[in-house]
Amino acid sequence: MSNLFDLSGRVVVVTGAGQGIGQALALGLAENGAALVCLDLNGEAAAATATTITRRGGAALGLPVDVRQSDQIDAAVQHTLAHFDRIDGLVNAAGITVRTPAVEFSPDDWRRVIDVNVVGTFLCTQAVGKHLVARRRGSVVNVASIAALAAMGRGNTAYTASKGGVAALTRELAVEWAPFGVRVNALAPCHIRTPLIEPILRDQDLLARLVSNIPLGRLGEPAELVGPTVFLLSDAASLVTGHVLAADGGFLAR
Ligand SMILES: NC(=O)c1ccc[n+]([C@@H]2O[C@H](COP(=O)([O-])OP(=O)(O)OC[C@H]3O[C@@H](n4cnc5c(N)ncnc54)[C@H](O)[C@@H]3O)[C@@H](O)[C@H]2O)c1
């Protein structure tokens with residue numbers, strides 16, 4: 001019987017695959033049959049994720065890439081095509097945050113968040129997208145956030161603007177590439193237990209307030225984003241494009 005969610009034989013590139021959500025997605029996609037290309041600014045961490053996959057019997061490459069640098073991204077795409085022959089999917093999980101009250105935010109920090117989260121997502125999607133558009137098939141998943149759709153408060157102006165940009169970019173590319181059979185979607189996770197939110201995890205009062213806004217009453221775990229990502233990358237989502245899928249414990253339903 002055919003399995004709509006099967007990713008066997010698909011080659012998927014994941015950015016930010018060295019830790020946190022990107023790492024969990026790379027491992028989870030490999031368990032669902034995909035061959036993985038793990039990219040991260042931290043090349044050792046990317047290689048370690050790839051090694052974990054190959055030790056488990058999967059196929060993977062780990063490469064150092066700064067998503068702000070188009071020459072590095074292009075080199076990684078060429079390396080991937082030489083190794084695996086093709087690319088079927090891309091998950092843009094590399095991202096950063098800087099939390100500072102708006103009146104104190106330095107322009108350099110604000111630009112850095114936009115540069116990694118929005119420009120980096122665009123440059124990676126453009127580089128892989130050239131190949132997907134030429135093949136007239138493929139799926140891109142951008143890791144946005146609930147911050148793309150709701151205000152976070154607490155010094156998150158750069159982050160919310162960046163994730164709003166990622167959601168808008170997702171819709172724009174979905175429409176531009178639909179004629180070529182390339183789907184582009186995004187995830188909007190709530191707070192997920194990763195190194196990115198360590199300052200929140202250390203502040204028990206803040207953590208309790210954040211969790212009280214999540215109807216399921218808890219933070220998300222990185223592995224809980226594997227299912228939604230498998231769905232969006234797979235044939236099960238063949239009619240789904242331009243969508244921002246909340247994986248947020250009900251946060252946006254309130
Ligand atoms: N953790 C959360 O609560 C949460 C919630 C919603 C969305 N997100 C988003 O999920 C994505 C992953 O977040 P996370 O929590 O796993 O963060 P994380 O800090 O644990 O991991 C991010 C990874 O991205 C890599 N990275 C950073 N800048 C890079 C660059 N310029 N080029 C290549 N790689 C780079 C880091 O080296 C790291 O391995 C981010 O886009 C984040 O905004 C996180």
# chains A, B, ... in the order shown; residues from 1 in each chain; ligands from 1
>>> closest_atom_pairs(of="chain A", to="ligand 1", cutoff="9 Å", atoms="only C-alpha atoms and all ligand atoms", output="JSON lines")
{"residue": "A:Thr15", "atom": "CA", "partner": "ligand 1", "partner_atom_place_in_ligand_line": "34 (N)", "distance": 6.1}
{"residue": "A:Gly16", "atom": "CA", "partner": "ligand 1", "partner_atom_place_in_ligand_line": "24 (O)", "distance": 3.6}
{"residue": "A:Ala17", "atom": "CA", "partner": "ligand 1", "partner_atom_place_in_ligand_line": "39 (O)", "distance": 5.8}
{"residue": "A:Gly18", "atom": "CA", "partner": "ligand 1", "partner_atom_place_in_ligand_line": "39 (O)", "distance": 4.1}
{"residue": "A:Gln19", "atom": "CA", "partner": "ligand 1", "partner_atom_place_in_ligand_line": "39 (O)", "distance": 4.4}
{"residue": "A:Gly20", "atom": "CA", "partner": "ligand 1", "partner_atom_place_in_ligand_line": "16 (O)", "distance": 3.4}
{"residue": "A:Ile21", "atom": "CA", "partner": "ligand 1", "partner_atom_place_in_ligand_line": "16 (O)", "distance": 3.7}
{"residue": "A:Gly22", "atom": "CA", "partner": "ligand 1", "partner_atom_place_in_ligand_line": "16 (O)", "distance": 5.6}
{"residue": "A:Gln23", "atom": "CA", "partner": "ligand 1", "partner_atom_place_in_ligand_line": "16 (O)", "distance": 7.4}
{"residue": "A:Ala24", "atom": "CA", "partner": "ligand 1", "partner_atom_place_in_ligand_line": "16 (O)", "distance": 8.3}
{"residue": "A:Leu39", "atom": "CA", "partner": "ligand 1", "partner_atom_place_in_ligand_line": "33 (C)", "distance": 6.7}
{"residue": "A:Asp40", "atom": "CA", "partner": "ligand 1", "partner_atom_place_in_ligand_line": "34 (N)", "distance": 4.0}
{"residue": "A:Leu41", "atom": "CA", "partner": "ligand 1", "partner_atom_place_in_ligand_line": "33 (C)", "distance": 3.8}
{"residue": "A:Asn42", "atom": "CA", "partner": "ligand 1", "partner_atom_place_in_ligand_line": "37 (O)", "distance": 5.0}
{"residue": "A:Gly43", "atom": "CA", "partner": "ligand 1", "partner_atom_place_in_ligand_line": "37 (O)", "distance": 8.4}
{"residue": "A:Ala45", "atom": "CA", "partner": "ligand 1", "partner_atom_place_in_ligand_line": "39 (O)", "distance": 7.1}
{"residue": "A:Ala46", "atom": "CA", "partner": "ligand 1", "partner_atom_place_in_ligand_line": "39 (O)", "distance": 7.7}
{"residue": "A:Pro64", "atom": "CA", "partner": "ligand 1", "partner_atom_place_in_ligand_line": "33 (C)", "distance": 7.7}
{"residue": "A:Val65", "atom": "CA", "partner": "ligand 1", "partner_atom_place_in_ligand_line": "33 (C)", "distance": 5.5}
{"residue": "A:Asp66", "atom": "CA", "partner": "ligand 1", "partner_atom_place_in_ligand_line": "32 (N)", "distance": 3.5}
{"residue": "A:Val67", "atom": "CA", "partner": "ligand 1", "partner_atom_place_in_ligand_line": "32 (N)", "distance": 4.0}
{"residue": "A:Arg68", "atom": "CA", "partner": "ligand 1", "partner_atom_place_in_ligand_line": "31 (N)", "distance": 5.6}
{"residue": "A:Gln69", "atom": "CA", "partner": "ligand 1", "partner_atom_place_in_ligand_line": "31 (N)", "distance": 8.1}
{"residue": "A:Asn92", "atom": "CA", "partner": "ligand 1", "partner_atom_place_in_ligand_line": "41 (O)", "distance": 7.3}
{"residue": "A:Ala93", "atom": "CA", "partner": "ligand 1", "partner_atom_place_in_ligand_line": "11 (C)", "distance": 4.4}
{"residue": "A:Ala94", "atom": "CA", "partner": "ligand 1", "partner_atom_place_in_ligand_line": "24 (O)", "distance": 3.7}
{"residue": "A:Gly95", "atom": "CA", "partner": "ligand 1", "partner_atom_place_in_ligand_line": "41 (O)", "distance": 3.5}
{"residue": "A:Ile96", "atom": "CA", "partner": "ligand 1", "partner_atom_place_in_ligand_line": "27 (C)", "distance": 5.6}
{"residue": "A:Thr97", "atom": "CA", "partner": "ligand 1", "partner_atom_place_in_ligand_line": "43 (O)", "distance": 6.7}
{"residue": "A:Asp115", "atom": "CA", "partner": "ligand 1", "partner_atom_place_in_ligand_line": "31 (N)", "distance": 8.1}
{"residue": "A:Val116", "atom": "CA", "partner": "ligand 1", "partner_atom_place_in_ligand_line": "31 (N)", "distance": 5.2}
{"residue": "A:Asn117", "atom": "CA", "partner": "ligand 1", "partner_atom_place_in_ligand_line": "41 (O)", "distance": 6.4}
{"residue": "A:Gly120", "atom": "CA", "partner": "ligand 1", "partner_atom_place_in_ligand_line": "31 (N)", "distance": 7.0}
{"residue": "A:Asn142", "atom": "CA", "partner": "ligand 1", "partner_atom_place_in_ligand_line": "41 (O)", "distance": 8.1}
{"residue": "A:Val143", "atom": "CA", "partner": "ligand 1", "partner_atom_place_in_ligand_line": "10 (O)", "distance": 5.4}
{"residue": "A:Ala144", "atom": "CA", "partner": "ligand 1", "partner_atom_place_in_ligand_line": "7 (C)", "distance": 5.5}
{"residue": "A:Ser145", "atom": "CA", "partner": "ligand 1", "partner_atom_place_in_ligand_line": "6 (C)", "distance": 4.1}
{"residue": "A:Ile146", "atom": "CA", "partner": "ligand 1", "partner_atom_place_in_ligand_line": "6 (C)", "distance": 6.5}
{"residue": "A:Ala147", "atom": "CA", "partner": "ligand 1", "partner_atom_place_in_ligand_line": "6 (C)", "distance": 7.5}
{"residue": "A:Tyr159", "atom": "CA", "partner": "ligand 1", "partner_atom_place_in_ligand_line": "43 (O)", "distance": 7.6}
{"residue": "A:Ser162", "atom": "CA", "partner": "ligand 1", "partner_atom_place_in_ligand_line": "43 (O)", "distance": 8.9}
{"residue": "A:Lys163", "atom": "CA", "partner": "ligand 1", "partner_atom_place_in_ligand_line": "43 (O)", "distance": 7.5}
{"residue": "A:Leu187", "atom": "CA", "partner": "ligand 1", "partner_atom_place_in_ligand_line": "7 (C)", "distance": 8.0}
{"residue": "A:Ala188", "atom": "CA", "partner": "ligand 1", "partner_atom_place_in_ligand_line": "6 (C)", "distance": 6.3}
{"residue": "A:Pro189", "atom": "CA", "partner": "ligand 1", "partner_atom_place_in_ligand_line": "6 (C)", "distance": 4.4}
{"residue": "A:Cys190", "atom": "CA", "partner": "ligand 1", "partner_atom_place_in_ligand_line": "5 (C)", "distance": 5.1}
{"residue": "A:His191", "atom": "CA", "partner": "ligand 1", "partner_atom_place_in_ligand_line": "3 (O)", "distance": 3.3}
{"residue": "A:Ile192", "atom": "CA", "partner": "ligand 1", "partner_atom_place_in_ligand_line": "3 (O)", "distance": 3.7}
{"residue": "A:Arg193", "atom": "CA", "partner": "ligand 1", "partner_atom_place_in_ligand_line": "1 (N)", "distance": 5.7}
{"residue": "A:Thr194", "atom": "CA", "partner": "ligand 1", "partner_atom_place_in_ligand_line": "15 (O)", "distance": 4.7}
{"residue": "A:Pro195", "atom": "CA", "partner": "ligand 1", "partner_atom_place_in_ligand_line": "20 (O)", "distance": 4.3}
{"residue": "A:Leu196", "atom": "CA", "partner": "ligand 1", "partner_atom_place_in_ligand_line": "19 (O)", "distance": 3.9}
{"residue": "A:Ile197", "atom": "CA", "partner": "ligand 1", "partner_atom_place_in_ligand_line": "1 (N)", "distance": 5.6}
{"residue": "A:Glu198", "atom": "CA", "partner": "ligand 1", "partner_atom_place_in_ligand_line": "1 (N)", "distance": 8.9}
{"residue": "A:Leu219", "atom": "CA", "partner": "ligand 1", "partner_atom_place_in_ligand_line": "3 (O)", "distance": 8.2}
{"residue": "A:Gly220", "atom": "CA", "partner": "ligand 1", "partner_atom_place_in_ligand_line": "3 (O)", "distance": 7.8}
{"residue": "A:Glu221", "atom": "CA", "partner": "ligand 1", "partner_atom_place_in_ligand_line": "1 (N)", "distance": 8.7}
{"residue": "A:Pro222", "atom": "CA", "partner": "ligand 1", "partner_atom_place_in_ligand_line": "16 (O)", "distance": 7.4}
{"residue": "A:Asp248", "atom": "CA", "partner": "ligand 1", "partner_atom_place_in_ligand_line": "6 (C)", "distance": 8.7}
>>> residues_around(residues="Ala161 (chain A)", least_positions_apart="3", cutoff="8 Å", atoms="only C-alpha atoms", output="list in words")
Ile114, Ala148, Thr157, Ala158, Gly164 and Gly165 of chain A
>>> write_last_selection(atoms="C-alpha atoms", output="PDB file, in the first residue's frame")
ATOM      1  CA  ILE A 114      16.775  40.244   9.690  1.00  0.00           C
ATOM      2  CA  ALA A 148       4.906  35.776  12.480  1.00  0.00           C
ATOM      3  CA  THR A 157      10.689  43.687  17.533  1.00  0.00           C
ATOM      4  CA  ALA A 158      13.454  42.342  15.285  1.00  0.00           C
ATOM      5  CA  GLY A 164       6.487  38.132   9.633  1.00  0.00           C
ATOM      6  CA  GLY A 165       8.885  38.561   6.723  1.00  0.00           C
TER       7      GLY A 165
END
>>> select_by_dssp(residues="region 40-233 of chain A", states="strand (DSSP E)", output="PyMOL selection string")
chain A and resi 40+60-64+89-92+138-143+182-189
>>> write_last_selection(atoms="C-alpha atoms", output="PDB file, in the first residue's frame")
ATOM      1  CA  ASP A  40      24.981  24.895   9.818  1.00  0.00           C
ATOM      2  CA  ALA A  60      23.639  12.212   5.026  1.00  0.00           C
ATOM      3  CA  LEU A  61      26.154  14.955   4.350  1.00  0.00           C
ATOM      4  CA  GLY A  62      27.138  17.640   6.848  1.00  0.00           C
ATOM      5  CA  LEU A  63      28.527  20.950   5.561  1.00  0.00           C
ATOM      6  CA  PRO A  64      29.495  24.308   7.108  1.00  0.00           C
ATOM      7  CA  GLY A  89      13.166  19.507  -0.455  1.00  0.00           C
ATOM      8  CA  LEU A  90      14.533  22.322   1.703  1.00  0.00           C
ATOM      9  CA  VAL A  91      13.868  23.123   5.347  1.00  0.00           C
ATOM     10  CA  ASN A  92      15.020  26.583   6.453  1.00  0.00           C
ATOM     11  CA  GLY A 138       9.897  20.163  -4.850  1.00  0.00           C
ATOM     12  CA  SER A 139       8.823  21.426  -1.471  1.00  0.00           C
ATOM     13  CA  VAL A 140      10.218  24.135   0.805  1.00  0.00           C
ATOM     14  CA  VAL A 141       9.395  24.444   4.515  1.00  0.00           C
ATOM     15  CA  ASN A 142      10.367  27.652   6.313  1.00  0.00           C
ATOM     16  CA  VAL A 143      10.477  27.559  10.108  1.00  0.00           C
ATOM     17  CA  VAL A 182       7.214  23.818  -6.352  1.00  0.00           C
ATOM     18  CA  ARG A 183       5.345  24.182  -3.045  1.00  0.00           C
ATOM     19  CA  VAL A 184       6.438  26.631  -0.318  1.00  0.00           C
ATOM     20  CA  ASN A 185       4.986  26.487   3.195  1.00  0.00           C
ATOM     21  CA  ALA A 186       5.954  27.532   6.701  1.00  0.00           C
ATOM     22  CA  LEU A 187       5.632  26.301  10.259  1.00  0.00           C
ATOM     23  CA  ALA A 188       4.577  28.555  13.106  1.00  0.00           C
ATOM     24  CA  PRO A 189       5.792  26.814  16.281  1.00  0.00           C
TER      25      PRO A 189
END
>>> atom_distance(atom1="CA of Thr52 (chain A)", atom2="CA of Pro199 (chain A)")
27.8 Å
>>> select_by_dssp(residues="region 131-170 of chain A", states="alpha helix (DSSP H)", output="PyMOL selection string")
chain A and resi 131-135+157-170
>>> atom_distance(atom1="CA of Ser70 (chain A)", atom2="CA of Leu245 (chain A)")
27.7 Å
>>> closest_residue(among="A:Leu123, A:Val230, A:Val240, A:Leu201", to="Arg171 (chain A)", atoms="only C-alpha atoms")
A:Val240
>>> atom_distance(atom1="CA of Leu7 (chain A)", atom2="CA of Ala223 (chain A)")
16.8 Å
